[in-house]
Amino acid sequence: MSYIDQSSSSVSTMGRRLTNRNNNRYSVTALFSMAAEQDVEVEDDLARAQKRLRDLKGKISVQSKKNFVLERDVRYLDSRIALLIQNRMAADEVRVHTLGPSSTVSHTQSQQREVERTLEDVDPTEGHYPDDRKLQQYSNLFFLLQSEPRHIANLCRLVSLSEIDTLLQTVMFTLYGNQYESREEHLLLTMFQSVLSAQFETATEFGSLLRANTPVSRMMTTYTRRGPGQSYLKGVLAERINSLIEHKDLNLEINPVKVYEQMINQIEEETGTLPPNLPRGVPPEVAAENADVQAIIAPRLTMLMEIANSFLVTIIESMESVPYGIRWICKQIRSLTRLDSGNIQKATDYAICSLIGGFFFLRFINPAIVTPQAYMLVDGVPAKHPRRTLTLIAKMLQNLANKPLYAKEAYMITLNPFVENNKARINQFLNNLCEVGDFYDTLEMDQYMALSKKDLTIHITMNELYNTHALILQHIETLSPNDKQHLRILTDELGPAPSQVPRKENRTIELSLYSRWETPVQDLHTALMDSISQSDMLYMETKSILVQLIRSLPHATDKRPYNLAALAERAATTKDATLVRKGIKVKEMMRELEELKIIDQADGYNLMQEEVSAELVHLGNLRDKVLLETKSLEAVYKTICDHNSYLRSQLEQYKAYLQNVRLTASKDKGSTTGVGVVSVGGRERKPSRSAVLGPYRFTHAQLEKEGIIVESNVPDNRRPNIYFNITSPSPGTFIISLHYKGREKAILEMDLKIDDLLEKQKDNKHLLDLEYVQLNVPKVLALLKKVFAKR
């Protein structure tokens, strides 16, 4: 990978690198073939199809970035207001009464303003634009960052978790945003290789290497959300998931506790009473031993294993469709785990497959199975029972990939036959995933092509520009300790990073990328003149022009074998100036080749004719592939646009909610009343007294029976004397106090905000520690809703 790490490579140096190839002429021939595939001077069916495909890929890349940004906005708003909406715990539903201190009002208003700013649209007339000198410096900086991925790789390891998402947006959707362009894709994968190598070198054990929530794992997840990954998931999983969720009433729950609860609820509903031998709130082992529960679960296990097997077969059979980049990352994981490096020794085959499975299933496949609506695989959220089935299928696939000796949930052990029966098959699949070629030769050629382009650009927002600049400066001593290094020179010239601009001023600019140190390639001949002989170069350039002429002249491809001399003469005598110039030039070049005894008119230039025919066959096959790929990507683009519409509708709901908040807060003109303040006769009621709701009393036994208390440190003989009081002094605020009978003062009090509880639930942190007891967060929320809603 040294060619990536050379900061001062010149064109002549790049040319000389090809001399190290075993077959030097082959590499340059391939380069000419790449040039023919991307020829913009030709206007034939292939060129038109390629233009349509390029335009479509560009649209997908732009739309993917828009969706990524919208998803971030939606996630942010979820954490602020959507949680309140979805859990029906908005202030007016919890209760409407006078707010307490004015600071609560101002805090509510400041939160509201923060959310409003998130929803602002960009105004291209607002804010300042960097001057030409600054833009040129940024052009140099971002060319360096794009073409030398090691800088971004190092930066990704240095930033904090709170900074990584914004950086990843810039890296995945801007710097390497052209998701179907091989050069950008290969440079991005080179960056991954660097990041993974460092991660493996510093690891102390394999178990949580790629499973922990780190910047590296976040990078890998974000990579799978790019266009090719989304296209694969839709093509492979959408049909199977949609056929499953059609069966809305198919209940395949196998957790004995839940099955037992559902069973006794049904008995009570049908008979109006419960038999004495079926008490509520039994422990898992009692539920699991119940004969009726076992009879319900048995056929469900069979059906679950059949469904999971159908998913597994579909995934295994789709191996050739898995995006190259995802397979290449799997290959790097396998290669790195086979090395004795850093603090851990070479891994066993078992550990290797487990790690590959950890990436492929945990980061890529399973999130789409568990939440298919977020991956545009289904319309809307699946119903309760199919949603649970999908979760169980994902757990089974994950257990199969991880091959654990035990299951985290005891009831999952009953599905071990699925794991045992498919061990060999999944191992073979995970190893086959890694069997892909490297791209280093292709990347080197892509770099030549990039240097010959005059239109290397990225579309980047002002805040992406400034944020990346700021992060590099923050870590410059580690990234570039030597003041003679290119990155250090560019950042020194740029100076301090500007502050982030308000959202409405965060316009997108088109930034041209070019190198400060590398000379652009004017033509392939100049770049490669010292790599192969002059006669070989003349031969390949002649072949290239003849291919261009046959593609450009009407009906020229119809007559075979090709009469090359006649085609050159025909081009030289047309009315098209470009074709005339090329026709005259190629006639002269063919004469020179004949003098050098490389081709012979006597045999109809047989050697050249065969190679030209082969190149045109390749380009013809390429056209068919382009048309097929275009058809596939049109479906992807439609899906991405539909998802964009869905995200925008989410934002519109938030806007409507905020508008409602403003109306509630401003009953009369000019009012600055906070949410929940009651106005009377157009005048604000004085917030002199706050109407406290509660306390509502619950015994230890009550909360334990309802499953709200998960664990208790209170001795059994004292539990009958323990009770809890829950009070709401202001909207969305609750106080839980723990009392002992006979004592006036509470043993313990905890102040809870509804937002904090909802955040815990969203982040899957389901335990609330009250020192003496641990409470189940979702059940606490349900209790608060039941007690305080509409009061």
# chains A, B, ... in the order shown; residues from 1 in each chain; ligands from 1
call {"tool": "residues_around", "arguments": {"residues": "Leu768 in chain A", "least_positions_apart": "6", "cutoff": "12 Å", "atoms": "only C-alpha atoms", "output": "list in words"}}
result
Ile708, Ile709, Val710, Glu711, Ser712, Ile736, Met750, Asp751, Leu752, Asp756, Leu757, Leu758, Lys760, Gln761, Gln774, Leu775, Asn776, Val777, Pro778, Lys779, Val780 and Leu781 of chain A
call {"tool": "residues_around", "arguments": {"residues": "range 630-635 of chain A", "least_positions_apart": "4", "cutoff": "9 Å", "atoms": "only C-alpha atoms", "output": "short mmCIF file (atom, residue, chain, number, x, y, z; two decimals) with N, CA and C atoms, in the first residue's frame"}}
result
data_model
loop_
_atom_site.label_atom_id
_atom_site.label_comp_id
_atom_site.auth_asym_id
_atom_site.auth_seq_id
_atom_site.Cartn_x
_atom_site.Cartn_y
_atom_site.Cartn_z
N ALA A 49 -25.82 5.02 -22.97
CA ALA A 49 -26.23 4.21 -21.81
C ALA A 49 -25.36 4.53 -20.60
N GLN A 50 -24.04 4.70 -20.86
CA GLN A 50 -23.13 5.03 -19.76
C GLN A 50 -23.45 6.38 -19.16
N ARG A 52 -26.40 7.83 -19.06
CA ARG A 52 -27.61 7.66 -18.24
C ARG A 52 -27.25 7.02 -16.91
N LEU A 53 -26.38 5.99 -16.97
CA LEU A 53 -25.99 5.29 -15.75
C LEU A 53 -25.19 6.21 -14.82
N LEU A 56 -27.54 8.57 -13.19
CA LEU A 56 -28.35 7.87 -12.19
C LEU A 56 -27.52 7.62 -10.93
N LYS A 57 -26.28 7.18 -11.10
CA LYS A 57 -25.41 6.94 -9.95
C LYS A 57 -25.17 8.24 -9.19
N ILE A 60 -28.22 8.96 -7.15
CA ILE A 60 -28.31 8.08 -5.98
C ILE A 60 -27.36 8.57 -4.88
N SER A 231 -29.05 -1.54 -1.85
CA SER A 231 -29.57 -2.24 -3.03
C SER A 231 -29.57 -3.75 -2.80
N LYS A 625 -24.28 -4.95 -19.83
CA LYS A 625 -24.14 -4.86 -18.37
C LYS A 625 -24.62 -3.50 -17.87
N VAL A 626 -24.29 -2.46 -18.62
CA VAL A 626 -24.69 -1.09 -18.23
C VAL A 626 -26.21 -0.98 -18.22
N THR A 639 -36.64 3.75 -4.60
CA THR A 639 -36.77 3.40 -3.19
C THR A 639 -36.17 4.49 -2.30
N ILE A 640 -34.98 4.98 -2.69
CA ILE A 640 -34.31 6.02 -1.92
C ILE A 640 -35.15 7.30 -1.92
#
call {"tool": "closest_atom_pairs", "arguments": {"of": "range 118-197 of chain A", "to": "range 64-78 of chain A", "cutoff": "10 Å", "atoms": "only C-alpha atoms", "output": "CSV"}}
result
residue,atom,partner,partner_atom,distance
A:Thr118,CA,A:Asp73,CA,7.1
A:Leu119,CA,A:Asp73,CA,8.1
A:Asp165,CA,A:Arg72,CA,8.8
A:Thr166,CA,A:Val69,CA,9.4
A:Gln169,CA,A:Phe68,CA,7.5
A:Thr170,CA,A:Lys65,CA,9.2
A:Met172,CA,A:Lys65,CA,8.5
A:Phe173,CA,A:Lys65,CA,5.3
A:Thr174,CA,A:Lys65,CA,7.7
A:Gly177,CA,A:Lys65,CA,7.8
A:Gln179,CA,A:Ser64,CA,9.3
call {"tool": "residues_around", "arguments": {"residues": "Asn178 in chain A", "least_positions_apart": "2", "cutoff": "10 Å", "atoms": "only C-alpha atoms", "output": "list in words"}}
result
Arg54, Lys57, Gly58, Lys59, Ile60, Ser61, Val62, Met172, Phe173, Thr174, Leu175, Tyr176, Tyr180, Glu181, Ser182, Arg183, Glu184, Glu185, Arg226, Gly227 and Ile458 of chain A
call {"tool": "residues_around", "arguments": {"residues": "Val612 in chain A", "least_positions_apart": "5", "cutoff": "12 Å", "atoms": "only C-alpha atoms", "output": "VMD selection string"}}
result
chain A and resid 33 36 539 to 551 557 560 to 564 605 to 607 617 to 619
call {"tool": "atom_distance", "arguments": {"atom1": "CA of Asn242 in chain A", "atom2": "CA of Arg363 in chain A"}}
result
21.3 Å
call {"tool": "residues_around", "arguments": {"residues": "range 151-157 of chain A", "least_positions_apart": "3", "cutoff": "9 Å", "atoms": "only C-alpha atoms", "output": "list in words"}}
result
Leu144, Leu145, Gln146, Glu148, Ser160, Ile164, Leu167, Leu168, Val171, Thr190, Met191, Phe192, Gln193, Ser194, Val195, Ala198, Gln199, Pro215, Val216, Met219, Leu471, Ile472, His475, Thr478, Leu479, Ser480 and Leu487 of chain A
call {"tool": "write_last_selection", "arguments": {"atoms": "N, CA and C atoms", "output": "PDB file, in the first residue's frame"}}
result
ATOM      1  N   LEU A 144      -5.980  16.071  -1.142  1.00  0.00           N
ATOM      2  CA  LEU A 144      -5.000  15.309  -0.357  1.00  0.00           C
ATOM      3  C   LEU A 144      -5.717  14.295   0.532  1.00  0.00           C
ATOM      4  N   LEU A 145      -6.787  14.733   1.225  1.00  0.00           N
ATOM      5  CA  LEU A 145      -7.529  13.832   2.113  1.00  0.00           C
ATOM      6  C   LEU A 145      -8.158  12.687   1.328  1.00  0.00           C
ATOM      7  N   GLN A 146      -8.669  12.985   0.132  1.00  0.00           N
ATOM      8  CA  GLN A 146      -9.333  11.951  -0.663  1.00  0.00           C
ATOM      9  C   GLN A 146      -8.326  10.958  -1.237  1.00  0.00           C
ATOM     10  N   GLU A 148      -5.157  10.355  -0.297  1.00  0.00           N
ATOM     11  CA  GLU A 148      -4.289   9.699   0.693  1.00  0.00           C
ATOM     12  C   GLU A 148      -5.125   9.337   1.931  1.00  0.00           C
ATOM     13  N   SER A 160     -13.782  11.562  19.060  1.00  0.00           N
ATOM     14  CA  SER A 160     -14.656  10.955  20.074  1.00  0.00           C
ATOM     15  C   SER A 160     -15.921  10.412  19.417  1.00  0.00           C
ATOM     16  N   ILE A 164     -17.920  11.474  15.796  1.00  0.00           N
ATOM     17  CA  ILE A 164     -17.714  10.559  14.670  1.00  0.00           C
ATOM     18  C   ILE A 164     -18.825  10.645  13.621  1.00  0.00           C
ATOM     19  N   LEU A 167     -18.296  13.461  11.172  1.00  0.00           N
ATOM     20  CA  LEU A 167     -17.144  13.162  10.320  1.00  0.00           C
ATOM     21  C   LEU A 167     -17.496  12.082   9.303  1.00  0.00           C
ATOM     22  N   LEU A 168     -18.227  11.061   9.744  1.00  0.00           N
ATOM     23  CA  LEU A 168     -18.603   9.976   8.836  1.00  0.00           C
ATOM     24  C   LEU A 168     -19.496  10.466   7.703  1.00  0.00           C
ATOM     25  N   VAL A 171     -17.070  11.850   5.258  1.00  0.00           N
ATOM     26  CA  VAL A 171     -16.220  10.828   4.636  1.00  0.00           C
ATOM     27  C   VAL A 171     -17.021   9.953   3.677  1.00  0.00           C
ATOM     28  N   THR A 190      -9.389   1.377   1.151  1.00  0.00           N
ATOM     29  CA  THR A 190      -8.006   1.491   1.619  1.00  0.00           C
ATOM     30  C   THR A 190      -7.971   2.129   3.003  1.00  0.00           C
ATOM     31  N   MET A 191      -8.832   3.127   3.198  1.00  0.00           N
ATOM     32  CA  MET A 191      -8.928   3.768   4.509  1.00  0.00           C
ATOM     33  C   MET A 191      -9.401   2.754   5.554  1.00  0.00           C
ATOM     34  N   PHE A 192     -10.393   1.925   5.192  1.00  0.00           N
ATOM     35  CA  PHE A 192     -10.885   0.896   6.109  1.00  0.00           C
ATOM     36  C   PHE A 192      -9.769  -0.065   6.499  1.00  0.00           C
ATOM     37  N   GLN A 193      -8.958  -0.436   5.518  1.00  0.00           N
ATOM     38  CA  GLN A 193      -7.861  -1.360   5.799  1.00  0.00           C
ATOM     39  C   GLN A 193      -6.919  -0.775   6.847  1.00  0.00           C
ATOM     40  N   SER A 194      -6.626   0.501   6.707  1.00  0.00           N
ATOM     41  CA  SER A 194      -5.736   1.168   7.658  1.00  0.00           C
ATOM     42  C   SER A 194      -6.353   1.215   9.051  1.00  0.00           C
ATOM     43  N   VAL A 195      -7.632   1.560   9.124  1.00  0.00           N
ATOM     44  CA  VAL A 195      -8.330   1.650  10.418  1.00  0.00           C
ATOM     45  C   VAL A 195      -8.399   0.281  11.088  1.00  0.00           C
ATOM     46  N   ALA A 198      -5.008  -0.942  12.524  1.00  0.00           N
ATOM     47  CA  ALA A 198      -4.682  -0.302  13.810  1.00  0.00           C
ATOM     48  C   ALA A 198      -5.548  -0.862  14.928  1.00  0.00           C
ATOM     49  N   GLN A 199      -6.830  -1.133  14.634  1.00  0.00           N
ATOM     50  CA  GLN A 199      -7.750  -1.677  15.641  1.00  0.00           C
ATOM     51  C   GLN A 199      -7.285  -3.054  16.102  1.00  0.00           C
ATOM     52  N   PRO A 215     -15.816   4.246  17.337  1.00  0.00           N
ATOM     53  CA  PRO A 215     -15.814   4.930  16.038  1.00  0.00           C
ATOM     54  C   PRO A 215     -15.630   3.958  14.872  1.00  0.00           C
ATOM     55  N   VAL A 216     -14.808   2.910  15.068  1.00  0.00           N
ATOM     56  CA  VAL A 216     -14.567   1.950  13.982  1.00  0.00           C
ATOM     57  C   VAL A 216     -15.840   1.165  13.662  1.00  0.00           C
ATOM     58  N   MET A 219     -18.211   3.332  11.888  1.00  0.00           N
ATOM     59  CA  MET A 219     -17.802   3.487  10.491  1.00  0.00           C
ATOM     60  C   MET A 219     -18.317   2.338   9.643  1.00  0.00           C
ATOM     61  N   LEU A 471     -11.369  19.502  13.062  1.00  0.00           N
ATOM     62  CA  LEU A 471     -10.933  18.215  13.618  1.00  0.00           C
ATOM     63  C   LEU A 471      -9.469  17.925  13.261  1.00  0.00           C
ATOM     64  N   ILE A 472      -9.078  18.270  12.035  1.00  0.00           N
ATOM     65  CA  ILE A 472      -7.682  18.049  11.632  1.00  0.00           C
ATOM     66  C   ILE A 472      -6.754  18.918  12.480  1.00  0.00           C
ATOM     67  N   HIS A 475      -6.116  17.624  15.947  1.00  0.00           N
ATOM     68  CA  HIS A 475      -5.250  16.441  16.081  1.00  0.00           C
ATOM     69  C   HIS A 475      -4.015  16.535  15.166  1.00  0.00           C
ATOM     70  N   THR A 478      -0.619  14.780  15.920  1.00  0.00           N
ATOM     71  CA  THR A 478      -0.580  13.326  15.716  1.00  0.00           C
ATOM     72  C   THR A 478      -0.644  12.984  14.233  1.00  0.00           C
ATOM     73  N   LEU A 479      -1.491  13.700  13.491  1.00  0.00           N
ATOM     74  CA  LEU A 479      -1.688  13.409  12.071  1.00  0.00           C
ATOM     75  C   LEU A 479      -0.475  13.765  11.237  1.00  0.00           C
ATOM     76  N   SER A 480       0.150  14.887  11.576  1.00  0.00           N
ATOM     77  CA  SER A 480       1.259  15.376  10.760  1.00  0.00           C
ATOM     78  C   SER A 480       2.278  16.100  11.641  1.00  0.00           C
ATOM     79  N   LEU A 487       0.166  17.704   4.600  1.00  0.00           N
ATOM     80  CA  LEU A 487      -1.027  18.024   5.392  1.00  0.00           C
ATOM     81  C   LEU A 487      -0.738  19.198   6.320  1.00  0.00           C
TER      82      LEU A 487
END
